[in-house]
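Coordinates from work_30.pdb are shown below (PDB, C-alpha atoms).
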ATOM      1  CA  MET A  87       1.937 -21.805 -64.315
ATOM      2  CA  TYR A  88       2.824 -18.406 -62.983
ATOM      3  CA  ASP A  89       5.351 -17.179 -60.544
ATOM      4  CA  PHE A  90       3.731 -16.282 -57.219
ATOM      5  CA  LYS A  91       4.926 -13.739 -54.721
ATOM      6  CA  LEU A  92       3.903 -13.242 -51.112
ATOM      7  CA  ASN A  93       5.242  -9.870 -50.047
ATOM      8  CA  TYR A  94       5.593  -9.090 -46.363
ATOM      9  CA  ASP A  95       7.933  -7.484 -43.911
ATOM     10  CA  SER A  96       9.821 -10.408 -42.428
ATOM     11  CA  SER A  97      11.004  -8.287 -39.532
ATOM     12  CA  LYS A  98       7.401  -8.043 -38.371
ATOM     13  CA  ILE A  99       5.735 -11.170 -39.774
ATOM     14  CA  THR A 100       6.584 -14.869 -39.801
ATOM     15  CA  ILE A 101       4.849 -17.120 -42.347
ATOM     16  CA  THR A 102       4.357 -20.668 -41.130
ATOM     17  CA  SER A 103       2.577 -22.213 -44.109
ATOM     18  CA  SER A 104       4.294 -23.396 -47.247
ATOM     19  CA  VAL A 105       4.115 -20.777 -49.991
ATOM     20  CA  PRO A 106       4.568 -22.150 -53.517
ATOM     21  CA  SER A 107       6.813 -20.259 -55.884
ATOM     22  CA  GLN A 108       4.543 -21.079 -58.799
ATOM     23  CA  VAL A 109       0.760 -21.375 -58.973
ATOM     24  CA  GLY A 110      -1.905 -22.141 -61.541
ATOM     25  CA  THR A 111      -5.335 -20.646 -62.146
ATOM     26  CA  GLY A 112      -7.929 -22.004 -59.774
ATOM     27  CA  GLN A 113      -5.336 -23.068 -57.242
ATOM     28  CA  GLU A 114      -6.370 -22.398 -53.664
ATOM     29  CA  LEU A 115      -3.762 -21.356 -51.131
ATOM     30  CA  THR A 116      -4.165 -21.124 -47.373
ATOM     31  CA  ILE A 117      -1.545 -18.891 -45.843
ATOM     32  CA  THR A 118      -0.896 -18.880 -42.110
ATOM     33  CA  GLY A 119       1.519 -16.990 -39.952
ATOM     34  CA  TYR A 120       1.918 -14.727 -37.029
ATOM     35  CA  THR A 121       3.183 -11.292 -36.236
ATOM     36  CA  ASN A 122       6.461 -11.101 -34.428
ATOM     37  CA  THR A 123       6.426 -10.015 -30.801
ATOM     38  CA  GLY A 124       5.495  -6.365 -30.527
ATOM     39  CA  TYR A 125       3.319  -6.244 -33.624
ATOM     40  CA  GLY A 126      -0.312  -6.968 -34.341
ATOM     41  CA  TYR A 127      -3.365  -6.387 -36.454
ATOM     42  CA  SER A 128      -6.348  -4.461 -35.248
ATOM     43  CA  ASN A 129      -8.833  -6.152 -37.609
ATOM     44  CA  ASN A 130      -9.126  -8.938 -40.161
ATOM     45  CA  ASN A 131      -7.966  -6.775 -43.022
ATOM     46  CA  PHE A 132      -4.329  -7.684 -43.304
ATOM     47  CA  ILE A 133      -3.868  -7.694 -47.100
ATOM     48  CA  SER A 134      -2.789  -4.342 -48.514
ATOM     49  CA  ASP A 135      -2.447  -5.255 -52.208
ATOM     50  CA  TYR A 136      -2.908  -8.196 -54.527
ATOM     51  CA  ASP A 137      -3.170  -9.238 -58.163
ATOM     52  CA  GLY A 138      -4.335 -12.401 -59.875
ATOM     53  CA  LEU A 139      -6.866 -13.449 -57.270
ATOM     54  CA  ASP A 140     -10.515 -14.173 -57.863
ATOM     55  CA  TYR A 141     -13.149 -11.552 -57.072
ATOM     56  CA  ARG A 142     -13.447 -12.670 -53.503
ATOM     57  CA  ALA A 143      -9.781 -11.792 -53.184
ATOM     58  CA  TYR A 144      -9.447 -13.722 -49.940
ATOM     59  CA  TYR A 145     -11.709 -15.378 -47.489
ATOM     60  CA  ASP A 146     -11.764 -17.459 -44.357
ATOM     61  CA  ASN A 147      -9.451 -14.908 -42.941
ATOM     62  CA  SER A 148      -9.041 -15.034 -39.230
ATOM     63  CA  ILE A 149      -6.807 -13.420 -36.692
ATOM     64  CA  THR A 150      -6.144 -14.311 -33.089
ATOM     65  CA  ASP A 151      -4.571 -12.230 -30.385
ATOM     66  CA  ASN A 152      -2.254 -14.677 -28.669
ATOM     67  CA  GLY A 153      -1.972 -12.407 -25.637
ATOM     68  CA  ASN A 154       1.818 -12.560 -25.692
ATOM     69  CA  GLY A 155       2.471  -9.679 -28.053
ATOM     70  CA  THR A 156       1.852 -11.698 -31.209
ATOM     71  CA  TYR A 157      -1.170 -12.260 -33.427
ATOM     72  CA  SER A 158      -1.763 -15.429 -35.464
ATOM     73  CA  PHE A 159      -3.540 -15.113 -38.781
ATOM     74  CA  SER A 160      -4.802 -17.297 -41.580
ATOM     75  CA  PHE A 161      -6.466 -16.617 -44.913
ATOM     76  CA  THR A 162      -7.269 -18.474 -48.087
ATOM     77  CA  ILE A 163      -6.946 -17.178 -51.659
ATOM     78  CA  THR A 164      -7.835 -18.580 -55.052
ATOM     79  CA  ILE A 165      -5.561 -17.806 -57.971
ATOM     80  CA  ASP A 166      -7.353 -16.232 -60.948
ATOM     81  CA  THR A 167      -5.083 -15.206 -63.806
ATOM     82  CA  SER A 168      -7.860 -14.071 -66.100
ATOM     83  CA  GLU A 169      -7.495 -10.635 -67.683
ATOM     84  CA  GLU A 170     -10.253  -9.325 -65.410
ATOM     85  CA  GLN A 171      -8.395 -10.304 -62.277
ATOM     86  CA  MET A 172      -4.715  -9.988 -63.149
ATOM     87  CA  SER A 173      -3.326  -6.753 -64.548
ATOM     88  CA  GLY A 174       0.347  -7.654 -64.173
ATOM     89  CA  SER A 175       2.397 -10.597 -65.291
ATOM     90  CA  TYR A 176       2.098 -12.741 -62.165
ATOM     91  CA  PRO A 177      -0.195 -13.100 -59.153
ATOM     92  CA  TYR A 178       0.924 -11.752 -55.802
ATOM     93  CA  VAL A 179      -0.296 -10.832 -52.367
ATOM     94  CA  THR A 180       1.165  -8.107 -50.196
ATOM     95  CA  LEU A 181       0.495  -8.261 -46.483
ATOM     96  CA  LEU A 182      -0.309  -5.106 -44.630
ATOM     97  CA  ALA A 183       2.412  -4.031 -42.254
ATOM     98  CA  PRO A 184       1.248  -4.810 -38.726
ATOM     99  CA  VAL A 185       1.031  -2.000 -36.215
ATOM    100  CA  LEU A 186       3.015  -1.741 -33.037
ATOM    101  CA  ASN A 187       1.719  -3.865 -30.192
ATOM    102  CA  LYS A 188       2.908  -2.160 -27.050
ATOM    103  CA  LYS A 189       3.755  -4.108 -23.932
ATOM    104  CA  ILE A 190       2.174  -2.786 -20.753
ATOM    105  CA  THR A 191       4.494  -2.182 -17.819
ATOM    106  CA  TYR A 192       3.742  -0.625 -14.472
ATOM    107  CA  SER A 193       5.330   1.504 -11.845
ATOM    108  CA  LEU A 194       3.069   1.178  -8.842
ATOM    109  CA  THR A 195       3.457   2.848  -5.482
ATOM    110  CA  GLY A 196       0.888   2.075  -2.823
ATOM    111  CA  ALA A 197      -1.381   0.561  -5.456
ATOM    112  CA  SER A 198      -1.966  -2.696  -7.293
ATOM    113  CA  ALA A 199      -3.066  -3.376 -10.850
ATOM    114  CA  SER A 200      -5.919  -5.711 -11.714
ATOM    115  CA  SER A 201      -4.735  -9.069 -12.978
ATOM    116  CA  SER A 202      -7.319  -8.779 -15.766
ATOM    117  CA  ASN A 203      -5.715  -5.642 -17.203
ATOM    118  CA  PRO A 204      -4.487  -5.982 -20.818
ATOM    119  CA  ASN A 205      -0.868  -6.983 -21.133
ATOM    120  CA  TRP A 206      -0.494  -5.504 -24.626
ATOM    121  CA  LEU A 207      -2.170  -2.661 -26.480
ATOM    122  CA  LEU A 208      -2.145  -2.092 -30.224
ATOM    123  CA  ALA A 209      -1.122   1.348 -31.451
ATOM    124  CA  GLY A 210      -4.206   3.475 -31.931
ATOM    125  CA  LYS A 211      -6.342   1.248 -29.780
ATOM    126  CA  GLN A 212      -7.993   2.078 -26.483
ATOM    127  CA  GLY A 213      -7.457   0.006 -23.370
ATOM    128  CA  THR A 214      -9.133   0.008 -19.969
ATOM    129  CA  PHE A 215      -7.160  -0.683 -16.820
ATOM    130  CA  TYR A 216      -8.119  -0.939 -13.176
ATOM    131  CA  PHE A 217      -6.036  -0.116 -10.117
ATOM    132  CA  THR A 218      -6.666  -0.458  -6.419
ATOM    133  CA  ALA A 219      -5.068   1.536  -3.630
ATOM    134  CA  LEU A 220      -3.468  -0.543  -0.906
ATOM    135  CA  LYS A 221      -5.064  -0.464   2.521
ATOM    136  CA  HIS A 222      -4.843   2.959   4.156
ATOM    137  CA  HIS A 223      -3.863   4.548   0.816
ATOM    138  CA  SER A 224      -5.778   6.667  -1.674
ATOM    139  CA  LEU A 225      -5.148   6.854  -5.414
ATOM    140  CA  SER A 226      -3.494  10.020  -6.642
ATOM    141  CA  ALA A 227      -5.269  12.667  -8.669
ATOM    142  CA  SER A 228      -3.528  11.670 -11.878
ATOM    143  CA  PRO A 229      -1.477   8.730 -13.116
ATOM    144  CA  PHE A 230       1.487   9.138 -15.468
ATOM    145  CA  VAL A 231       1.635   7.284 -18.787
ATOM    146  CA  THR A 232       4.373   7.090 -21.421
ATOM    147  CA  ASN A 233       3.821   6.093 -25.079
ATOM    148  CA  ALA A 234       0.080   6.424 -24.718
ATOM    149  CA  THR A 235      -2.543   9.088 -24.117
ATOM    150  CA  ILE A 236      -4.761   9.199 -21.085
ATOM    151  CA  ASN A 237      -8.415   9.415 -22.066
ATOM    152  CA  SER A 238      -9.846   9.317 -18.592
ATOM    153  CA  TRP A 239      -8.934   8.527 -15.003
ATOM    154  CA  ASP A 240     -11.233   8.046 -12.065
ATOM    155  CA  SER A 241      -9.265   8.072  -8.833
ATOM    156  CA  GLY A 242     -12.382   6.967  -6.960
ATOM    157  CA  THR A 243     -12.802   3.725  -8.891
ATOM    158  CA  GLY A 244      -9.229   3.348 -10.152
ATOM    159  CA  LYS A 245     -10.416   3.070 -13.766
ATOM    160  CA  LEU A 246      -7.928   4.277 -16.366
ATOM    161  CA  ILE A 247      -8.593   4.461 -20.102
ATOM    162  CA  ILE A 248      -5.684   5.107 -22.444
ATOM    163  CA  THR A 249      -5.050   5.090 -26.168
ATOM    164  CA  ALA A 250      -1.774   3.594 -27.339
TER     165      ALA A 250
ATOM    166  CA  MET B 188       9.783  -3.579 -28.503
ATOM    167  CA  ALA B 189       7.583  -0.624 -27.660
ATOM    168  CA  GLU B 190       6.312  -0.381 -24.131
ATOM    169  CA  ILE B 191       3.667   1.611 -22.364
ATOM    170  CA  LEU B 192       4.601   2.512 -18.828
ATOM    171  CA  ILE B 193       1.714   3.260 -16.513
ATOM    172  CA  SER B 194       2.703   4.889 -13.261
ATOM    173  CA  VAL B 195       0.068   4.927 -10.554
ATOM    174  CA  THR B 196       0.724   6.278  -7.110
ATOM    175  CA  ALA B 197      -1.436   5.993  -4.049
ATOM    176  CA  THR B 198      -0.490   8.036  -1.044
ATOM    177  CA  GLN B 199      -0.954   7.018   2.548
ATOM    178  CA  ILE B 200      -4.137   8.316   4.104
ATOM    179  CA  SER B 201      -3.641  10.822   6.908
ATOM    180  CA  TYR B 202      -5.810  10.246   9.945
ATOM    181  CA  PRO B 203      -6.475  12.906  12.596
ATOM    182  CA  PHE B 204      -4.740  12.283  15.887
ATOM    183  CA  SER B 205      -5.474  13.720  19.298
ATOM    184  CA  VAL B 206      -4.603  13.326  22.956
ATOM    185  CA  ASN B 207      -7.578  13.877  25.228
ATOM    186  CA  LYS B 208      -6.518  15.379  28.529
ATOM    187  CA  SER B 209      -8.480  17.643  30.804
ATOM    188  CA  ASP B 210      -6.223  17.830  33.848
ATOM    189  CA  THR B 211      -4.064  20.965  33.882
ATOM    190  CA  ASN B 212      -1.705  19.363  36.402
ATOM    191  CA  ILE B 213      -0.534  17.009  33.680
ATOM    192  CA  ASN B 214       1.935  18.521  31.237
ATOM    193  CA  ILE B 215       2.819  17.125  27.816
ATOM    194  CA  THR B 216       6.352  18.096  26.846
ATOM    195  CA  SER B 217       6.599  16.437  23.447
ATOM    196  CA  THR B 218       5.079  17.673  20.212
ATOM    197  CA  ILE B 219       1.798  16.026  19.318
ATOM    198  CA  PRO B 220       1.168  15.510  15.590
ATOM    199  CA  SER B 221      -2.242  16.515  14.318
ATOM    200  CA  SER B 222      -2.329  13.703  11.780
ATOM    201  CA  VAL B 223      -0.738  10.279  11.478
ATOM    202  CA  HIS B 224      -0.338   7.392   9.069
ATOM    203  CA  VAL B 225      -0.616   3.686   9.712
ATOM    204  CA  GLY B 226       2.721   2.439  11.025
ATOM    205  CA  ASP B 227       3.796   5.788  12.416
ATOM    206  CA  SER B 228       5.233   5.874  15.908
ATOM    207  CA  VAL B 229       4.245   8.726  18.165
ATOM    208  CA  ILE B 230       6.004   9.398  21.447
ATOM    209  CA  ILE B 231       4.242  11.367  24.127
ATOM    210  CA  ASP B 232       6.345  12.503  27.052
ATOM    211  CA  GLY B 233       5.277  14.564  29.986
ATOM    212  CA  ASN B 234       5.091  15.038  33.713
ATOM    213  CA  THR B 235       2.872  16.228  36.532
ATOM    214  CA  ASN B 236       3.026  19.338  38.582
ATOM    215  CA  ARG B 237       4.484  18.955  42.060
ATOM    216  CA  GLY B 238       1.999  17.340  44.414
ATOM    217  CA  TYR B 239       0.319  15.301  41.726
ATOM    218  CA  GLY B 240       0.815  11.716  40.669
ATOM    219  CA  LEU B 241      -0.512   9.461  37.974
ATOM    220  CA  PRO B 242      -2.740   6.422  38.366
ATOM    221  CA  SER B 243      -1.229   3.143  37.229
ATOM    222  CA  ALA B 244      -3.913   2.939  34.526
ATOM    223  CA  PHE B 245      -2.947   6.219  32.953
ATOM    224  CA  VAL B 246      -4.176   5.676  29.397
ATOM    225  CA  THR B 247      -7.871   5.047  29.889
ATOM    226  CA  ASP B 248      -9.044   4.862  26.288
ATOM    227  CA  SER B 249      -7.614   4.692  22.816
ATOM    228  CA  ASP B 250      -8.547   3.992  19.235
ATOM    229  CA  GLY B 251      -6.450   3.216  16.197
ATOM    230  CA  VAL B 252      -3.246   2.831  18.207
ATOM    231  CA  ASN B 253      -1.190   0.236  20.030
ATOM    232  CA  VAL B 254      -0.067   1.710  23.341
ATOM    233  CA  THR B 255       2.960   1.107  25.533
ATOM    234  CA  ASP B 256       3.198   3.463  28.474
ATOM    235  CA  THR B 257       5.723   3.861  31.251
ATOM    236  CA  ILE B 258       5.016   5.846  34.403
ATOM    237  CA  THR B 259       7.826   6.944  36.693
ATOM    238  CA  ASP B 260       7.385   8.198  40.239
ATOM    239  CA  ASN B 261      10.215  10.693  40.609
ATOM    240  CA  ASP B 262       9.696  10.818  44.398
ATOM    241  CA  ASP B 263      10.060  14.572  44.284
ATOM    242  CA  GLY B 264       6.329  15.208  44.155
ATOM    243  CA  THR B 265       6.096  14.688  40.395
ATOM    244  CA  PHE B 266       5.529  11.785  38.054
ATOM    245  CA  SER B 267       6.892  11.420  34.534
ATOM    246  CA  PHE B 268       5.370   9.437  31.741
ATOM    247  CA  HIS B 269       6.590   8.069  28.426
ATOM    248  CA  ILE B 270       3.965   6.750  26.027
ATOM    249  CA  VAL B 271       4.857   5.050  22.760
ATOM    250  CA  LEU B 272       2.023   4.753  20.263
ATOM    251  CA  THR B 273       2.055   2.846  17.011
ATOM    252  CA  ILE B 274      -0.718   3.697  14.621
ATOM    253  CA  SER B 275      -2.578   0.461  14.067
ATOM    254  CA  ASP B 276      -3.585  -1.210  10.853
ATOM    255  CA  SER B 277      -7.052  -1.495  12.341
ATOM    256  CA  ILE B 278      -7.565   2.279  12.387
ATOM    257  CA  SER B 279     -10.831   3.425  10.873
ATOM    258  CA  ASN B 280     -11.324   7.178  10.949
ATOM    259  CA  GLU B 281      -9.076   8.616  13.628
ATOM    260  CA  ALA B 282      -6.505   7.816  16.282
ATOM    261  CA  TYR B 283      -6.599   9.084  19.827
ATOM    262  CA  ILE B 284      -5.716   8.322  23.400
ATOM    263  CA  THR B 285      -7.400   9.574  26.543
ATOM    264  CA  LEU B 286      -5.357  10.243  29.674
ATOM    265  CA  ALA B 287      -6.666   9.839  33.186
ATOM    266  CA  ASP B 288      -6.658  12.735  35.631
ATOM    267  CA  SER B 289      -3.856  13.047  38.107
ATOM    268  CA  VAL B 290      -4.130  11.880  41.709
ATOM    269  CA  THR B 291      -2.934  13.540  44.888
ATOM    270  CA  ASN B 292       0.723  12.948  45.639
ATOM    271  CA  TYR B 293       1.342  13.238  49.358
ATOM    272  CA  GLN B 294       4.558  14.442  50.888
ATOM    273  CA  ILE B 295       5.678  12.110  53.650
ATOM    274  CA  THR B 296       6.325  13.572  57.059
ATOM    275  CA  THR B 297       7.118  11.602  60.166
ATOM    276  CA  SER B 298       6.744  12.002  63.892
ATOM    277  CA  LEU B 299       9.397   9.821  65.516
ATOM    278  CA  THR B 300      10.332   9.319  69.139
ATOM    279  CA  HIS B 301      13.560   7.381  69.777
ATOM    280  CA  VAL B 302      13.163   6.062  66.264
ATOM    281  CA  THR B 303      15.007   6.933  63.081
ATOM    282  CA  ALA B 304      13.722   6.637  59.550
ATOM    283  CA  SER B 305      15.824   5.132  56.805
ATOM    284  CA  ALA B 306      17.313   7.722  54.479
ATOM    285  CA  SER B 307      16.079   5.666  51.575
ATOM    286  CA  ASN B 308      12.444   5.875  52.629
ATOM    287  CA  PRO B 309      10.115   7.404  50.028
ATOM    288  CA  LYS B 310       9.492  11.113  50.349
ATOM    289  CA  TRP B 311       6.263  11.194  48.381
ATOM    290  CA  GLN B 312       3.431   8.730  47.947
ATOM    291  CA  ALA B 313       0.604   9.078  45.451
ATOM    292  CA  LYS B 314      -2.952   8.030  46.079
ATOM    293  CA  GLY B 315      -3.563   4.393  45.226
ATOM    294  CA  TYR B 316       0.062   3.327  45.581
ATOM    295  CA  SER B 317       1.670   1.188  48.306
ATOM    296  CA  LYS B 318       5.165   1.930  49.519
ATOM    297  CA  SER B 319       7.478   0.474  52.142
ATOM    298  CA  TYR B 320       9.264   2.404  54.840
ATOM    299  CA  THR B 321      11.921   1.217  57.234
ATOM    300  CA  PHE B 322      12.476   2.452  60.757
ATOM    301  CA  THR B 323      15.063   1.664  63.395
ATOM    302  CA  ALA B 324      14.818   2.051  67.166
ATOM    303  CA  GLU B 325      17.548   3.966  68.900
ATOM    304  CA  SER B 326      19.964   2.063  71.059
ATOM    305  CA  HIS B 327      18.312   0.582  74.143
ATOM    306  CA  TYR B 328      14.837   1.189  72.656
ATOM    307  CA  ALA B 329      12.364  -1.171  71.063
ATOM    308  CA  LEU B 330      10.055  -0.381  68.174
ATOM    309  CA  PRO B 331       6.378  -0.072  69.100
ATOM    310  CA  SER B 332       3.919  -2.848  68.521
ATOM    311  CA  SER B 333       1.811  -0.591  66.320
ATOM    312  CA  VAL B 334       2.146   2.587  64.301
ATOM    313  CA  SER B 335      -0.401   5.041  63.023
ATOM    314  CA  ALA B 336      -0.734   7.005  59.842
ATOM    315  CA  SER B 337      -2.785  10.082  59.039
ATOM    316  CA  ALA B 338      -6.135   9.799  57.337
ATOM    317  CA  SER B 339      -4.450  10.105  53.942
ATOM    318  CA  ALA B 340      -2.952   6.673  54.290
ATOM    319  CA  SER B 341      -3.662   3.345  55.886
ATOM    320  CA  VAL B 342      -1.232   0.908  57.390
ATOM    321  CA  THR B 343      -1.157  -2.212  55.331
ATOM    322  CA  SER B 344       1.399  -3.933  57.517
ATOM    323  CA  TRP B 345       3.900  -3.219  60.274
ATOM    324  CA  ASN B 346       6.679  -5.504  61.374
ATOM    325  CA  GLN B 347       7.860  -4.532  64.814
ATOM    326  CA  SER B 348      11.013  -6.607  64.640
ATOM    327  CA  THR B 349      12.211  -5.455  61.205
ATOM    328  CA  GLY B 350      10.729  -1.968  61.294
ATOM    329  CA  VAL B 351       9.208  -2.328  57.846
ATOM    330  CA  LEU B 352       5.995  -0.395  57.385
ATOM    331  CA  VAL B 353       3.824  -0.713  54.294
ATOM    332  CA  LEU B 354       1.453   2.171  53.630
ATOM    333  CA  LEU B 355      -1.339   2.566  51.140
ATOM    334  CA  ALA B 356      -2.106   6.167  50.245
ATOM    335  CA  ASN B 357      -5.830   6.878  50.152
TER     336      ASN B 357
END
Before anything else, please render the file you have as structure tokens.
Amino acid sequence: MYDFKLNYDSSKITITSSVPSQVGTGQELTITGYTNTGYGYSNNNFISDYDGLDYRAYYDNSITDNGNGTYSFSFTITIDTSEEQMSGSYPYVTLLAPVLNKKITYSLTGASASSSNPNWLLAGKQGTFYFTALKHHSLSASPFVTNATINSWDSGTGKLIITA
Amino acid sequence: MAEILISVTATQISYPFSVNKSDTNINITSTIPSSVHVGDSVIIDGNTNRGYGLPSAFVTDSDGVNVTDTITDNDDGTFSFHIVLTISDSISNEAYITLADSVTNYQITTSLTHVTASASNPKWQAKGYSKSYTFTAESHYALPSSVSASASASVTSWNQSTGVLVLLAN
């Protein structure tokens, strides 16, 4: 049996599955958890480092955007303590730090936002938003955005694309 | 928690506004805006030159506005008007009102024999309007059974006993 470590930033990630403190070769572990509000993963690659896992490293990994500022994730690993797979003295997995998941807020004057607009946007990701001028109003030449970059704005259609 | 604030502003659309008036005997004394927004109130005040009146249906056409107009016969040969417009939510491309032309406002003169006219009788009467006049016979005289008016007016009614004459200006 070997000591096992799951390394992660607990200020940004909550693990919901039971993580054993000791494991044996061939043991399969399914680890589940979620990012805390305001953090998320942009793809299924959420392991930054590991040792003592078999060549597949991890599989059945999935991630779900919960739409409330959190992401749920799950992955399965198989412990392999052979010399080929473990260079250190114990197996471990280190989870990638999630990126900021930014909450979308609005300041609207004479306009309304589409109810299908994203409510959250991951740092580095692009989001598309739609706005409609109220009756007898016309959208201004340029919107104003904080903590994100405007990629494009079409005042005729009300389509705004930003990158967080 | 990081936030992205998106500020989007839409400004009210300005619509062109005009008052259509061709009669130079009608004067507008208030300032007319060239453009308006839905919900705006526009007040149009004015008057007529002496000898001209206004028809009761003064605002003959409009679009994009709700109209409330008040016409006042000043009985000095002029009329005044006060029009309150509210730019309507139903406006499409523009807002306007069209004013009717003025009508003749006649000065009242009388030819009386052993009869006196009430001091409160109207002094002017515009075409299309009816007004009442009161006359009194002098002592020991009786009012006539009929009265006549010039071609500019017609007698609607005459009451010999009360001396009340109703005229319609033509």
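Each of A:Phe132, A:Tyr157, A:Tyr216, A:Tyr176 was compared to chain B using only C-alpha atoms, and A:Tyr216 turns out to be the nearest.
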Please, what distance in Å, to one decimal, runs between CA of Pro220 (chain B) and CA of Glu281 (chain B)?
-> 12.5 Å
Ground truth for the PyMOL selection byres ((chain A) within 10 of (chain B)), written as a PDB file with C-alpha atoms, in the coordinates of the input:
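The resulting file, result.pdb, is reproduced below:
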ATOM      1  CA  THR A 123       6.426 -10.015 -30.801  1.00  0.00           C
ATOM      2  CA  GLY A 124       5.495  -6.365 -30.527  1.00  0.00           C
ATOM      3  CA  TYR A 125       3.319  -6.244 -33.624  1.00  0.00           C
ATOM      4  CA  GLY A 155       2.471  -9.679 -28.053  1.00  0.00           C
ATOM      5  CA  LEU A 186       3.015  -1.741 -33.037  1.00  0.00           C
ATOM      6  CA  ASN A 187       1.719  -3.865 -30.192  1.00  0.00           C
ATOM      7  CA  LYS A 188       2.908  -2.160 -27.050  1.00  0.00           C
ATOM      8  CA  LYS A 189       3.755  -4.108 -23.932  1.00  0.00           C
ATOM      9  CA  ILE A 190       2.174  -2.786 -20.753  1.00  0.00           C
ATOM     10  CA  THR A 191       4.494  -2.182 -17.819  1.00  0.00           C
ATOM     11  CA  TYR A 192       3.742  -0.625 -14.472  1.00  0.00           C
ATOM     12  CA  SER A 193       5.330   1.504 -11.845  1.00  0.00           C
ATOM     13  CA  LEU A 194       3.069   1.178  -8.842  1.00  0.00           C
ATOM     14  CA  THR A 195       3.457   2.848  -5.482  1.00  0.00           C
ATOM     15  CA  GLY A 196       0.888   2.075  -2.823  1.00  0.00           C
ATOM     16  CA  ALA A 197      -1.381   0.561  -5.456  1.00  0.00           C
ATOM     17  CA  SER A 198      -1.966  -2.696  -7.293  1.00  0.00           C
ATOM     18  CA  ALA A 199      -3.066  -3.376 -10.850  1.00  0.00           C
ATOM     19  CA  ASN A 205      -0.868  -6.983 -21.133  1.00  0.00           C
ATOM     20  CA  TRP A 206      -0.494  -5.504 -24.626  1.00  0.00           C
ATOM     21  CA  LEU A 207      -2.170  -2.661 -26.480  1.00  0.00           C
ATOM     22  CA  ALA A 209      -1.122   1.348 -31.451  1.00  0.00           C
ATOM     23  CA  PHE A 215      -7.160  -0.683 -16.820  1.00  0.00           C
ATOM     24  CA  PHE A 217      -6.036  -0.116 -10.117  1.00  0.00           C
ATOM     25  CA  THR A 218      -6.666  -0.458  -6.419  1.00  0.00           C
ATOM     26  CA  ALA A 219      -5.068   1.536  -3.630  1.00  0.00           C
ATOM     27  CA  LEU A 220      -3.468  -0.543  -0.906  1.00  0.00           C
ATOM     28  CA  LYS A 221      -5.064  -0.464   2.521  1.00  0.00           C
ATOM     29  CA  HIS A 222      -4.843   2.959   4.156  1.00  0.00           C
ATOM     30  CA  HIS A 223      -3.863   4.548   0.816  1.00  0.00           C
ATOM     31  CA  SER A 224      -5.778   6.667  -1.674  1.00  0.00           C
ATOM     32  CA  LEU A 225      -5.148   6.854  -5.414  1.00  0.00           C
ATOM     33  CA  SER A 226      -3.494  10.020  -6.642  1.00  0.00           C
ATOM     34  CA  ALA A 227      -5.269  12.667  -8.669  1.00  0.00           C
ATOM     35  CA  SER A 228      -3.528  11.670 -11.878  1.00  0.00           C
ATOM     36  CA  PRO A 229      -1.477   8.730 -13.116  1.00  0.00           C
ATOM     37  CA  PHE A 230       1.487   9.138 -15.468  1.00  0.00           C
ATOM     38  CA  VAL A 231       1.635   7.284 -18.787  1.00  0.00           C
ATOM     39  CA  THR A 232       4.373   7.090 -21.421  1.00  0.00           C
ATOM     40  CA  ASN A 233       3.821   6.093 -25.079  1.00  0.00           C
ATOM     41  CA  ALA A 234       0.080   6.424 -24.718  1.00  0.00           C
ATOM     42  CA  THR A 235      -2.543   9.088 -24.117  1.00  0.00           C
ATOM     43  CA  ILE A 236      -4.761   9.199 -21.085  1.00  0.00           C
ATOM     44  CA  SER A 241      -9.265   8.072  -8.833  1.00  0.00           C
ATOM     45  CA  GLY A 244      -9.229   3.348 -10.152  1.00  0.00           C
ATOM     46  CA  LEU A 246      -7.928   4.277 -16.366  1.00  0.00           C
ATOM     47  CA  ILE A 248      -5.684   5.107 -22.444  1.00  0.00           C
ATOM     48  CA  ALA A 250      -1.774   3.594 -27.339  1.00  0.00           C
TER      49      ALA A 250
END
Which residues are near Tyr320 (chain B)? Cut-off 12 Å, all atoms listed in the file, ignore same chain within fewer than 2 positions. Put them as a short mmCIF file (atom, residue, chain, number, x, y, z; two decimals) with C-alpha atoms, in the coordinates of the input.
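Generated output (result.cif):
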data_model
loop_
_atom_site.label_atom_id
_atom_site.label_comp_id
_atom_site.auth_asym_id
_atom_site.auth_seq_id
_atom_site.Cartn_x
_atom_site.Cartn_y
_atom_site.Cartn_z
CA ILE B 295 5.68 12.11 53.65
CA THR B 296 6.32 13.57 57.06
CA THR B 297 7.12 11.60 60.17
CA THR B 303 15.01 6.93 63.08
CA ALA B 304 13.72 6.64 59.55
CA SER B 305 15.82 5.13 56.80
CA ALA B 306 17.31 7.72 54.48
CA SER B 307 16.08 5.67 51.58
CA ASN B 308 12.44 5.88 52.63
CA PRO B 309 10.12 7.40 50.03
CA LYS B 310 9.49 11.11 50.35
CA TRP B 311 6.26 11.19 48.38
CA GLN B 312 3.43 8.73 47.95
CA SER B 317 1.67 1.19 48.31
CA LYS B 318 5.16 1.93 49.52
CA PHE B 322 12.48 2.45 60.76
CA THR B 323 15.06 1.66 63.40
CA VAL B 334 2.15 2.59 64.30
CA VAL B 342 -1.23 0.91 57.39
CA THR B 343 -1.16 -2.21 55.33
CA SER B 344 1.40 -3.93 57.52
CA TRP B 345 3.90 -3.22 60.27
CA ASN B 346 6.68 -5.50 61.37
CA THR B 349 12.21 -5.46 61.20
CA GLY B 350 10.73 -1.97 61.29
CA VAL B 351 9.21 -2.33 57.85
CA LEU B 352 6.00 -0.40 57.38
CA VAL B 353 3.82 -0.71 54.29
CA LEU B 354 1.45 2.17 53.63
CA LEU B 355 -1.34 2.57 51.14
#
Return as a PyMOL selection string the set of residues that the PyMOL selection byres ((chain A and resi 162) around 12) yields on the displayed structure.
-> chain A and resi 103+105+113-118+133+139-140+142-148+159-161+163-165+179
Using only C-alpha atoms, the shortest atom-to-atom distance to Gly213 (chain A) among A:Ile247, A:Leu92, A:Met172, A:Val185 belongs to A:Ile247
